[in-house]
Amino acid sequence: MIASPAPAGTPAGLLRLFRRVHFWAGLVVAPLLLFAAATGLLYVLAPNVEAWRHAGLDRVAIPVGEPHRPLDAQLDAARAALPGWQAVSIVPAMQPAASTQVIFRPPPDPHAAHAGHAAAGHDHGLPRGRIAYVDPYRAELLGTLDELARFRTWAKKLHASFLQGQAWRWPIELAASWALVMLATGVALAWPTPRSRGGPGWRALLPRGRRGRAGWRELHVAVGLLAGGVLALLLVTGLTWSRHAGDNFRSALQALGQQSPRPPAGLRAPPPSESARPLAAQAIHEHATVLTGGRALQLTLPTAADAPWRIDVLTSADDARPQDRLTLLLDAYDGRELHRSGWAELPPLAKATAVGIPFHRGEFGLRMWWLRGRVAAPPVTAAVLRALPGWLVALGIALAFALPVFGLSLLVVVALEAGAATFGRRRPA
């Protein structure tokens with residue numbers, strides 16, 4: 001039987017509200033969190049799966065005494081395999097047994113362009129390009145693969161958007177925001193009364209071997225507190241990538257002057273001489289290798305006559321070190337360095353975000369339901385709501401603004417609670 005409502009304005013009344021919110025959070029979070037955990041595990045295991053699944057494209061036989069063919073010859077071999085497609089970027093082979101990867105965008109779709117959709121290699125956030133794999137020693141094509149057929153890309157898009165593109169990034173954002181509320185209310189409910197005030201003290205946070213519902217509650221509290229800190233970090237770092245909350249986070253960083261520096265566009269005007277030709281991929285590769293100390297690179301081709309080459313240092317998926325990442329812009333006509341953006345140029349909050357991303361990826365869930373006569377949580381009376389402290393109301397409004405998906409779902413929960421309260425008053429005892 002559910003206990004009678006606590007007096008309004010008392011800590012007990014506030015805890016009843018937290019218990020109700022905790023119940024709603026569990027309803028929202030449980031299925032989505034299980035999905036996020038399962039798909040996130042797939043992404044963590046992606047390097048192992050790809051080593052088995054894509055070995056024929058990623059690895060090549062090393063001939064004795066033969067150097068790599070020029071990168072331009074490798075690029076020509078890739079282009080011959082995909083006529084009409086636009087080469088976007090190159091990942092040169094930096095390891096002896098590695099292949100060179102060339103990423104292509106599909107030809108423009110006149111029907112999509114007529115309908116007002118972008119045909120720049122993406123369809124609502126799902127990659128539509130292809131990757132050509134080239135043997136760097138022989139400049140021969142090994143094969144091609146759709147970007148989304150790459151297991152890592154597929155697992156990432158499944159985790160982030162259910163493979164439905166940008167429009168379906170909100171469910172994970174919904175789960176992450178409500179999970180933070182669940183953690184906060186769970187800590188408030190489990191916080192022990194000090195022994196000086198007649199309570200059990202910190203011993204209440206440890207399982208004491210009791211049976212039945214009390215034992216399950218003790219286990220729930222202990223596991224929740226043990227995993228809560230790590231889960232909170234995963235949730236916060238995941239929200240920085242989300243569509244709505246992430247946009248708000250980036251806007252706040254920009255307002256604070258903490259945004260990561262963005263490479264400027266149009267750094268070099270076309271030379272006056274028509275005989276001048278942009279540097280070839282081989283020359284850019286050699287120059288960029290010297291500037292970056294021989295680390296793995298992705299070379300993005302110029303998109304216009306006055307556009308630069310973009311060079312990104314790639315870090316290993318198994319050992320991502322954000323301090324190693326670097327972006328360079330090089331003049332397409334003389335290889336001169338035009339812009340550099342690395343760890344040293346990042347402001348403090350951007351550095352914290354860069355560290356949190358590898359942590360979230362794992363380069364490093366059992367939820368309790370119980371029947372208390374009915375599937376429910378203690379009701380909250382109107383008197384308790386009227387007695388809410390102002391700081392809690394302000395916090396709820398701020399969270400709803402910072403996490404728009406959470407804010408909209410909170411309105412739904414409030415509407416359901418209001419409807420249930422109205423129905424309860426009209427129903428005969």
# chains A, B, ... in the order shown; residues from 1 in each chain; ligands from 1
>>> residues_around(residues="stretch 26-42 of chain A", least_positions_apart="5", cutoff="8 Å", atoms="only C-alpha atoms", output="list in words")
Ala155, Lys156, Leu158, His159, Pro171, Ile172, Leu174, Ala175, Ala176, Trp178, Ala179, Met182, Arg361, Gly365 and Arg367 of chain A
>>> write_last_selection(atoms="C-alpha atoms", output="tab-separated table (two decimals), in the first residue's frame")
chain	number	residue	atom	x	y	z
A	155	ALA	CA	27.85	0.87	-35.90
A	156	LYS	CA	28.36	4.60	-35.29
A	158	LEU	CA	23.22	2.82	-35.63
A	159	HIS	CA	24.23	4.08	-32.19
A	171	PRO	CA	16.01	9.35	-29.04
A	172	ILE	CA	19.56	8.97	-27.70
A	174	LEU	CA	16.21	11.94	-24.86
A	175	ALA	CA	17.66	8.94	-23.05
A	176	ALA	CA	20.87	10.71	-22.03
A	178	TRP	CA	16.58	11.75	-18.61
A	179	ALA	CA	19.34	9.41	-17.43
A	182	MET	CA	17.53	9.65	-12.98
A	361	ARG	CA	33.98	5.74	-27.11
A	365	GLY	CA	22.55	-2.24	-16.72
A	367	ARG	CA	17.29	-1.76	-14.02
>>> atom_distance(atom1="atom CA of A:Gly342", atom2="atom CA of A:Asp324")
7.7 Å
>>> closest_residue(among="A:Gln95, A:Thr289, A:Gln86, A:Gln298", to="A:Ala61", atoms="only C-alpha atoms")
A:Gln95
>>> residues_around(residues="A:Leu328", least_positions_apart="3", cutoff="8 Å", atoms="only C-alpha atoms", output="list in words")
Arg310, Ile311, Asp312, Glu337, Leu338, His339, Arg340 and Ser341 of chain A
>>> atom_distance(atom1="atom CA of A:Thr237", atom2="atom CA of A:Ala160")
13.1 Å
